[in-house]
Structures are given as structure tokens and as C-alpha cells.
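Source file: structure_28.cif; contents: mmCIF, C-alpha atoms and all ligand atoms.
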data_entry
loop_
_atom_site.label_atom_id
_atom_site.label_comp_id
_atom_site.auth_asym_id
_atom_site.auth_seq_id
_atom_site.Cartn_x
_atom_site.Cartn_y
_atom_site.Cartn_z
CA MET A 1 54.00 83.75 156.62
CA VAL A 2 53.36 82.29 160.02
CA GLU A 3 50.30 83.83 161.63
CA SER A 4 52.07 84.20 164.93
CA GLU A 5 54.89 86.43 166.04
CA ALA A 6 55.97 83.79 168.56
CA GLY A 7 55.94 81.06 165.93
CA GLU A 8 58.04 83.21 163.63
CA ALA A 9 60.56 83.83 166.40
CA VAL A 10 60.89 80.08 166.99
CA LEU A 11 61.36 79.38 163.26
CA ARG A 12 63.94 82.15 162.94
CA PHE A 13 65.98 80.48 165.67
CA VAL A 14 65.65 76.85 164.53
CA ASN A 15 66.27 77.58 160.84
CA THR A 16 69.92 78.33 161.38
CA HIS A 17 71.45 74.89 160.86
CA ALA A 18 73.20 73.50 157.80
CA ASP A 19 71.13 71.20 155.61
CA GLY A 20 73.79 69.55 153.45
CA GLY A 21 72.30 71.32 150.44
CA GLY A 22 73.81 74.78 150.61
CA ARG A 23 72.34 76.34 153.72
CA PRO A 24 75.21 77.10 156.11
CA GLU A 25 75.44 76.51 159.87
CA LEU A 26 74.93 80.00 161.32
CA PHE A 27 75.78 79.09 164.92
CA GLY A 28 79.07 77.35 164.12
CA THR A 29 81.17 80.01 165.81
CA ALA A 30 80.77 82.74 168.41
CA ARG A 31 81.03 85.29 165.58
CA GLY A 32 78.29 83.55 163.60
CA PHE A 33 75.88 83.47 166.54
CA ALA A 34 76.68 87.09 167.47
CA ASP A 35 76.03 88.23 163.87
CA TRP A 36 72.73 86.34 163.75
CA ALA A 37 71.57 87.81 167.07
CA ALA A 38 72.67 91.33 166.11
CA GLY A 39 71.02 90.94 162.69
CA HIS A 40 67.70 90.23 164.41
CA GLU A 41 68.25 93.03 166.93
CA LEU A 42 68.35 90.54 169.80
CA LEU A 43 71.82 91.64 170.94
CA PRO A 44 73.73 94.88 170.51
CA PRO A 45 76.70 94.33 168.16
CA ASP A 46 79.24 95.11 170.92
CA VAL A 47 78.17 92.34 173.34
CA VAL A 48 80.88 89.74 173.95
CA VAL A 49 79.78 86.31 172.71
CA THR A 50 81.92 83.27 173.55
CA GLU A 51 82.32 79.91 171.83
CA SER A 52 80.43 78.29 174.70
CA ASP A 53 77.52 80.66 174.02
CA ALA A 54 77.46 79.36 170.45
CA VAL A 55 77.51 75.77 171.78
CA ALA A 56 74.59 76.59 174.11
CA ALA A 57 72.65 78.10 171.20
CA ARG A 58 73.27 75.03 169.03
CA GLU A 59 72.23 72.65 171.83
CA LEU A 60 69.01 74.53 172.46
CA ARG A 61 68.26 74.74 168.75
CA ASP A 62 68.94 71.06 168.12
CA ALA A 63 66.67 70.06 171.03
CA LEU A 64 63.91 72.20 169.51
CA VAL A 65 64.45 70.70 166.04
CA THR A 66 64.03 67.22 167.57
CA VAL A 67 60.69 68.22 169.09
CA LEU A 68 59.58 69.80 165.79
CA LEU A 69 60.46 66.54 164.01
CA ALA A 70 58.25 64.71 166.50
CA HIS A 71 55.44 67.18 165.65
CA ALA A 72 55.83 66.12 162.02
CA ALA A 73 55.67 62.43 163.00
CA ALA A 74 59.25 61.94 161.81
CA PRO A 75 61.55 59.52 163.62
CA ALA A 76 62.98 61.53 166.54
CA PRO A 77 65.02 59.05 168.55
CA GLY A 78 66.55 61.82 170.67
CA LEU A 79 63.15 63.06 171.88
CA PRO A 80 63.41 62.06 175.58
CA ASP A 81 66.86 63.67 175.82
CA ALA A 82 65.66 66.77 173.96
CA GLU A 83 62.70 67.18 176.31
CA LYS A 84 64.94 66.77 179.33
CA TYR A 85 67.34 69.34 177.87
CA LEU A 86 64.52 71.83 177.31
CA GLU A 87 63.27 71.34 180.85
CA GLN A 88 66.74 72.14 182.18
CA ALA A 89 67.06 75.08 179.78
CA GLY A 90 63.91 76.55 181.31
CA ALA A 91 65.67 76.77 184.67
CA ARG A 92 68.91 78.04 183.14
CA TYR A 93 67.30 80.82 181.08
CA PRO A 94 64.54 82.23 183.31
CA LEU A 95 61.57 84.31 182.21
CA VAL A 96 59.42 86.81 184.03
CA ALA A 97 55.72 87.39 183.45
CA VAL A 98 54.92 90.94 182.36
CA ILE A 99 51.22 91.48 182.91
CA GLY A 100 49.15 94.41 181.75
CA ARG A 101 45.60 95.32 180.81
CA GLU A 102 46.10 94.11 177.23
CA GLY A 103 47.50 90.73 178.19
CA ALA A 104 50.57 89.01 179.53
CA ARG A 105 53.93 88.13 178.03
CA LEU A 106 56.98 86.23 179.14
CA ARG A 107 60.16 88.27 178.96
CA PRO A 108 63.76 87.21 179.59
CA ALA A 109 64.84 87.82 183.17
CA ALA A 110 68.45 88.46 182.12
CA GLY A 111 70.18 90.29 179.30
CA GLY A 112 72.98 89.16 176.99
CA VAL A 113 73.10 85.71 175.48
CA PRO A 114 71.06 84.05 178.30
CA GLY A 115 68.39 86.62 177.55
CA VAL A 116 68.39 85.74 173.83
CA LEU A 117 67.97 82.04 174.63
CA ALA A 118 65.30 82.79 177.27
CA GLY A 119 63.50 84.81 174.60
CA VAL A 120 63.32 81.70 172.42
CA LEU A 121 61.84 79.70 175.31
CA GLY A 122 59.35 82.52 175.91
CA ALA A 123 58.33 82.39 172.24
CA VAL A 124 57.81 78.62 172.51
CA ALA A 125 55.69 79.08 175.66
CA GLU A 126 53.62 81.72 173.87
CA ALA A 127 53.19 79.53 170.79
CA ALA A 128 52.11 76.66 173.03
CA GLN A 129 49.29 78.74 174.55
CA GLY A 130 47.40 78.59 171.28
CA ASP A 131 47.21 76.40 168.23
CA VAL A 132 50.70 77.26 167.03
CA TRP A 133 53.18 74.97 168.81
CA GLY A 134 51.88 71.67 167.38
CA ARG A 135 51.88 73.23 163.91
CA LEU A 136 55.54 74.16 164.12
CA LYS A 137 57.28 71.21 162.53
CA ALA A 138 60.63 70.21 161.11
CA CYS A 139 60.80 68.91 157.55
CA CYS A 140 60.82 65.09 157.39
CA ASN A 141 63.28 65.09 154.46
CA PRO A 142 66.71 64.34 155.94
CA PRO A 143 68.99 66.25 156.14
CA CYS A 144 66.77 69.30 155.46
CA HIS A 145 64.93 69.28 158.82
CA PHE A 146 63.97 72.91 158.29
CA GLY A 147 61.27 74.31 160.50
CA PHE A 148 57.95 75.34 158.96
CA PHE A 149 54.41 76.22 159.93
CA ASP A 150 51.93 73.51 159.00
CA ARG A 151 48.83 75.22 157.59
CA THR A 152 46.99 72.06 156.60
CA ARG A 153 43.52 71.71 158.09
CA ASN A 154 44.24 68.30 159.59
CA ARG A 155 47.85 69.03 160.61
CA SER A 156 49.21 66.45 158.17
CA GLY A 157 52.07 68.56 156.72
CA ARG A 158 55.42 66.80 156.83
CA PHE A 159 57.68 68.75 154.47
CA CYS A 160 58.93 72.34 154.32
CA SER A 161 58.41 72.56 150.55
CA PRO A 162 57.03 70.63 147.56
CA GLY A 163 60.68 70.05 146.58
CA CYS A 164 61.43 68.14 149.79
CA SER A 165 58.21 66.18 149.49
CA SER A 166 59.02 65.04 145.96
CA GLN A 167 62.62 64.18 146.91
CA VAL A 168 61.30 61.80 149.54
CA SER A 169 58.76 60.19 147.19
CA MET A 170 61.45 59.80 144.51
CA ARG A 171 63.73 58.12 147.04
CA ALA A 172 60.95 55.78 148.14
CA MET A 173 60.11 54.97 144.52
CA ARG A 174 63.73 54.15 143.71
CA LYS A 175 63.96 51.96 146.79
CA ARG A 176 60.78 50.07 145.82
CA ARG A 177 62.15 49.54 142.31
CA LYS A 178 65.46 48.30 143.69
CA ASP A 179 63.72 46.00 146.17
CA ALA A 180 61.60 44.60 143.33
CA GLU A 181 64.72 43.96 141.21
CA MET A 182 66.36 42.14 144.12
CA ALA A 183 63.29 39.97 144.72
ZN ZN B 201 62.65 70.41 153.66
#
Can you dump the structure from the file as C-alpha cells?
Amino acid sequence: MVESEAGEAVLRFVNTHADGGGRPELFGTARGFADWAAGHELLPPDVVVTESDAVAARELRDALVTVLLAHAAAPAPGLPDAEKYLEQAGARYPLVAVIGREGARLRPAAGGVPGVLAGVLGAVAEAAQGDVWGRLKACCNPPCHFGFFDRTRNRSGRFCSPGCSSQVSMRAMRKRRKDAEMA
């Protein structure tokens, strides 16, 4: 479990893509995105969700996955574009500060789908206030790229699971063997 509600909210959103190994793309259609959002009580089931909403959700998610790959020191060639996208998304999906005696939180300024996406940005902003953001990473085993919380003391975690870690070492071992045979 991630020791942060905000971190969990970010992982819930990013871990919705297909991985080529059985996990399906959840945001592939308007219906899929609407079901996901309703399932997490982020949208009432009767809200109209369009295909372009699903595209917006995928774009935001993929930009976040790119940043999480960079956190894991994986090659993330799309990083400058992803950061630019996220900056623009911040203007498109505004947040308001709700301040009280107990603390302050960022809440979506709008409802509907823009509100769901703003909520994700708010969770990122909250995670970034503490130690959580840099520990949210995407698995370096392509095409898994699943988000996880790196609990290692020195922030050296690169894989979502021991399975992904051993797949990558097996691949590297096979490549070394092949390279040696060719030499
Ligand atoms: Zn993985």
C-alpha cells in the first residue's frame, strides 16, 4: 500500500493502460473511461462522457507515465513534451485551494470529466508537497510501465514487481550470451 492518499489516486489513474501481457486498456473508449470513473466514485454513472473525453484522459495519463518513467531513470524520450502537456493541462483543468484549520487541499474547480482530470492534477500537486512524487515511478520493464510506489531507502526501485525485474535481467543475460556468440 502507498502511504499517501494522493499517491494512491495518481497510481489508480496511471495504472489503466494495456501492458501487452493481459492488462487491458481501460480508457480505450468513452464507455471504458466512464465505467472507470464511476467505479471509483469520481463521476455519477449518468454523466455523459464523450470519445474526446477518453482521448483527453489517455493523453493526460500517458504524459504522467512518461514523467514516472523519468523518476525511475528509464529512457523517457517524450519527457519535454510530457512536461509541456502537463503544464497546459494545469490551465485547462483548474483547481481551487480549500483552506481550513486542519490544512489545505486543492479541489477541482469544475465538475464532470474536467473535474476528474483536475482531481488527478490536484493529487499530483499534493504528492509533490512531500516525499511522495519522486517515489511514484513507472516500471522500467517495457511494455509493463505500470506505476508503483518506490519504498526503497535510497529510491533505487525500478520495477513494479520481482517478476518484471527478473524478466529484464533474463533479457539482458540472453543478449550478452548472443553478443558473445557473435563475437
Ligand atoms: Zn512491471
Could you build a table of the residues in chain A lying no more than 12 Å from ligand ZN 201 (chain B), giving for each the nearest pair of atoms and their separation in Å rounded to one decimal place, using only C-alpha atoms and all ligand atoms, ordered by chain and ascending residue number, as a Markdown table?
| residue | atom | partner | partner_atom | distance |
| --- | --- | --- | --- | --- |
| A:Asn15 | CA | B:ZN201 | ZN | 10.8 |
| A:Ala18 | CA | B:ZN201 | ZN | 11.7 |
| A:Asp19 | CA | B:ZN201 | ZN | 8.7 |
| A:Gly20 | CA | B:ZN201 | ZN | 11.2 |
| A:Gly21 | CA | B:ZN201 | ZN | 10.2 |
| A:Arg23 | CA | B:ZN201 | ZN | 11.4 |
| A:Leu69 | CA | B:ZN201 | ZN | 11.3 |
| A:Ala72 | CA | B:ZN201 | ZN | 11.6 |
| A:Lys137 | CA | B:ZN201 | ZN | 10.4 |
| A:Ala138 | CA | B:ZN201 | ZN | 7.7 |
| A:Cys139 | CA | B:ZN201 | ZN | 4.6 |
| A:Cys140 | CA | B:ZN201 | ZN | 6.8 |
| A:Asn141 | CA | B:ZN201 | ZN | 5.4 |
| A:Pro142 | CA | B:ZN201 | ZN | 7.7 |
| A:Pro143 | CA | B:ZN201 | ZN | 8.0 |
| A:Cys144 | CA | B:ZN201 | ZN | 4.6 |
| A:His145 | CA | B:ZN201 | ZN | 5.8 |
| A:Phe146 | CA | B:ZN201 | ZN | 5.4 |
| A:Gly147 | CA | B:ZN201 | ZN | 8.0 |
| A:Phe148 | CA | B:ZN201 | ZN | 8.6 |
| A:Phe149 | CA | B:ZN201 | ZN | 11.9 |
| A:Gly157 | CA | B:ZN201 | ZN | 11.2 |
| A:Arg158 | CA | B:ZN201 | ZN | 8.7 |
| A:Phe159 | CA | B:ZN201 | ZN | 5.3 |
| A:Cys160 | CA | B:ZN201 | ZN | 4.2 |
| A:Ser161 | CA | B:ZN201 | ZN | 5.7 |
| A:Pro162 | CA | B:ZN201 | ZN | 8.3 |
| A:Gly163 | CA | B:ZN201 | ZN | 7.4 |
| A:Cys164 | CA | B:ZN201 | ZN | 4.6 |
| A:Ser165 | CA | B:ZN201 | ZN | 7.4 |
| A:Ser166 | CA | B:ZN201 | ZN | 10.1 |
| A:Gln167 | CA | B:ZN201 | ZN | 9.2 |
| A:Val168 | CA | B:ZN201 | ZN | 9.6 |
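Taking CA of Val67 (chain A) and CA of Ala82 (chain A) as the two end points, the separation is 7.1 Å.
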Kindly provide the residues of region 94-129 of chain A that approach region 44-57 of chain A to within 10 Å, each paired with its closest atom pair and their distance in Å to one decimal, based on only C-alpha atoms, listed by chain and increasing number, as a Markdown table.
| residue | atom | partner | partner_atom | distance |
| --- | --- | --- | --- | --- |
| A:Gly112 | CA | A:Val47 | CA | 7.1 |
| A:Val113 | CA | A:Asp53 | CA | 6.9 |
| A:Pro114 | CA | A:Asp53 | CA | 8.5 |
| A:Val116 | CA | A:Ala57 | CA | 9.1 |
| A:Leu117 | CA | A:Ala57 | CA | 7.0 |
Nearest candidate to Trp133 (chain A) (options A:Pro94, A:Glu8, A:Arg177, A:Gly100; using only C-alpha atoms):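 Going through A:Pro94, A:Glu8, A:Arg177, A:Gly100 one by one, the smallest distance to Trp133 (chain A) is for A:Glu8.
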Residue with smallest distance to Asp131 (chain A) - pool A:Ala37, A:Ala6, A:Ala91, A:Ala183, counting all atoms listed in the file: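 Ranked by minimum distance to Asp131 (chain A), first place goes to A:Ala6.
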From the set A:Ala38, A:Ala104, A:Val10, A:Leu26, which residue has the shortest atom-to-atom contact distance to Ala118 (chain A), counting only C-alpha atoms?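 Among the listed residues, the smallest separation from Ala118 (chain A) belongs to A:Val10.
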Quote the spacing between CA of Leu136 (chain A) and CA of Asp62 (chain A) in Å to one decimal place.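 These atoms are spaced 14.3 Å apart.
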Residues at most 12 Å from Arg105 (chain A), counting all atoms listed in the file, excluding those fewer than 5 positions away in the same chain, as number ranges by chain? A: 6, 95-100, 119, 121-127, 129
Contacts of Leu79 (chain A) within 12 Å, all atoms listed in the file, excl. fewer than 6 positions in-chain, as a list in words: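 These residues fall inside the cut-off: Asp62, Ala63, Leu64, Val65, Thr66, Val67, Leu68, Leu69, Ala70, His71, Ala73, Tyr85 and Leu86 of chain A.
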Keeping N, CA, C and O atoms (and nothing else), can you write region 159-183 of chain A of this structure as a CSV table (one decimal), in the first residue's frame?
chain,number,residue,atom,x,y,z
A,159,PHE,N,11.4,-1.4,-10.8
A,159,PHE,CA,10.4,-2.3,-11.3
A,159,PHE,C,9.2,-2.4,-10.4
A,159,PHE,O,9.4,-2.3,-9.2
A,160,CYS,N,8.0,-2.7,-11.1
A,160,CYS,CA,6.8,-2.8,-10.3
A,160,CYS,C,6.8,-4.1,-9.5
A,160,CYS,O,6.0,-4.2,-8.5
A,161,SER,N,7.5,-5.1,-9.9
A,161,SER,CA,7.4,-6.4,-9.2
A,161,SER,C,8.7,-7.2,-9.5
A,161,SER,O,9.5,-6.9,-10.4
A,162,PRO,N,9.0,-8.2,-8.6
A,162,PRO,CA,10.2,-9.1,-8.8
A,162,PRO,C,10.1,-9.7,-10.2
A,162,PRO,O,11.1,-10.0,-10.8
A,163,GLY,N,8.9,-10.0,-10.7
A,163,GLY,CA,8.7,-10.7,-12.0
A,163,GLY,C,9.2,-9.8,-13.1
A,163,GLY,O,10.0,-10.3,-14.0
A,164,CYS,N,8.9,-8.5,-13.1
A,164,CYS,CA,9.4,-7.6,-14.1
A,164,CYS,C,10.9,-7.4,-14.0
A,164,CYS,O,11.6,-7.4,-15.0
A,165,SER,N,11.4,-7.4,-12.8
A,165,SER,CA,12.9,-7.2,-12.6
A,165,SER,C,13.6,-8.4,-13.2
A,165,SER,O,14.6,-8.3,-13.9
A,166,SER,N,13.1,-9.7,-12.9
A,166,SER,CA,13.8,-10.8,-13.5
A,166,SER,C,13.6,-11.0,-15.0
A,166,SER,O,14.5,-11.4,-15.6
A,167,GLN,N,12.5,-10.5,-15.5
A,167,GLN,CA,12.3,-10.5,-17.0
A,167,GLN,C,13.4,-9.7,-17.6
A,167,GLN,O,14.0,-10.1,-18.6
A,168,VAL,N,13.7,-8.5,-17.1
A,168,VAL,CA,14.7,-7.6,-17.6
A,168,VAL,C,16.1,-8.2,-17.5
A,168,VAL,O,16.9,-8.2,-18.4
A,169,SER,N,16.4,-8.8,-16.3
A,169,SER,CA,17.7,-9.4,-16.2
A,169,SER,C,17.9,-10.6,-17.1
A,169,SER,O,19.0,-10.8,-17.7
A,170,MET,N,16.8,-11.4,-17.3
A,170,MET,CA,16.9,-12.5,-18.3
A,170,MET,C,17.2,-12.1,-19.7
A,170,MET,O,18.0,-12.6,-20.4
A,171,ARG,N,16.5,-11.0,-20.1
A,171,ARG,CA,16.6,-10.4,-21.4
A,171,ARG,C,18.1,-9.9,-21.6
A,171,ARG,O,18.7,-10.2,-22.6
A,172,ALA,N,18.6,-9.3,-20.6
A,172,ALA,CA,20.0,-8.8,-20.6
A,172,ALA,C,21.0,-9.9,-20.7
A,172,ALA,O,22.0,-9.9,-21.5
A,173,MET,N,20.7,-11.0,-20.0
A,173,MET,CA,21.6,-12.1,-20.0
A,173,MET,C,21.6,-12.8,-21.3
A,173,MET,O,22.7,-13.1,-21.9
A,174,ARG,N,20.4,-13.0,-21.9
A,174,ARG,CA,20.3,-13.6,-23.2
A,174,ARG,C,21.1,-12.7,-24.3
A,174,ARG,O,21.7,-13.3,-25.2
A,175,LYS,N,20.9,-11.4,-24.1
A,175,LYS,CA,21.6,-10.5,-25.1
A,175,LYS,C,23.1,-10.6,-25.0
A,175,LYS,O,23.8,-10.7,-26.0
A,176,ARG,N,23.6,-10.7,-23.7
A,176,ARG,CA,25.0,-10.8,-23.5
A,176,ARG,C,25.6,-12.1,-24.1
A,176,ARG,O,26.6,-12.2,-24.8
A,177,ARG,N,24.7,-13.2,-23.9
A,177,ARG,CA,25.1,-14.5,-24.5
A,177,ARG,C,25.2,-14.5,-26.0
A,177,ARG,O,26.2,-15.0,-26.6
A,178,LYS,N,24.2,-13.8,-26.6
A,178,LYS,CA,24.1,-13.7,-28.0
A,178,LYS,C,25.3,-12.9,-28.6
A,178,LYS,O,25.9,-13.3,-29.5
A,179,ASP,N,25.5,-11.8,-27.9
A,179,ASP,CA,26.6,-10.9,-28.3
A,179,ASP,C,28.0,-11.7,-28.2
A,179,ASP,O,28.8,-11.5,-29.1
A,180,ALA,N,28.1,-12.5,-27.2
A,180,ALA,CA,29.3,-13.3,-27.0
A,180,ALA,C,29.5,-14.3,-28.1
A,180,ALA,O,30.6,-14.5,-28.6
A,181,GLU,N,28.3,-14.9,-28.5
A,181,GLU,CA,28.4,-15.9,-29.6
A,181,GLU,C,28.8,-15.2,-30.9
A,181,GLU,O,29.5,-15.8,-31.7
A,182,MET,N,28.3,-14.0,-31.1
A,182,MET,CA,28.6,-13.3,-32.4
A,182,MET,C,30.0,-12.9,-32.4
A,182,MET,O,30.6,-12.8,-33.5
A,183,ALA,N,30.6,-12.6,-31.3
A,183,ALA,CA,32.0,-12.1,-31.2
A,183,ALA,C,33.0,-13.1,-31.7
A,183,ALA,O,32.8,-14.3,-31.6
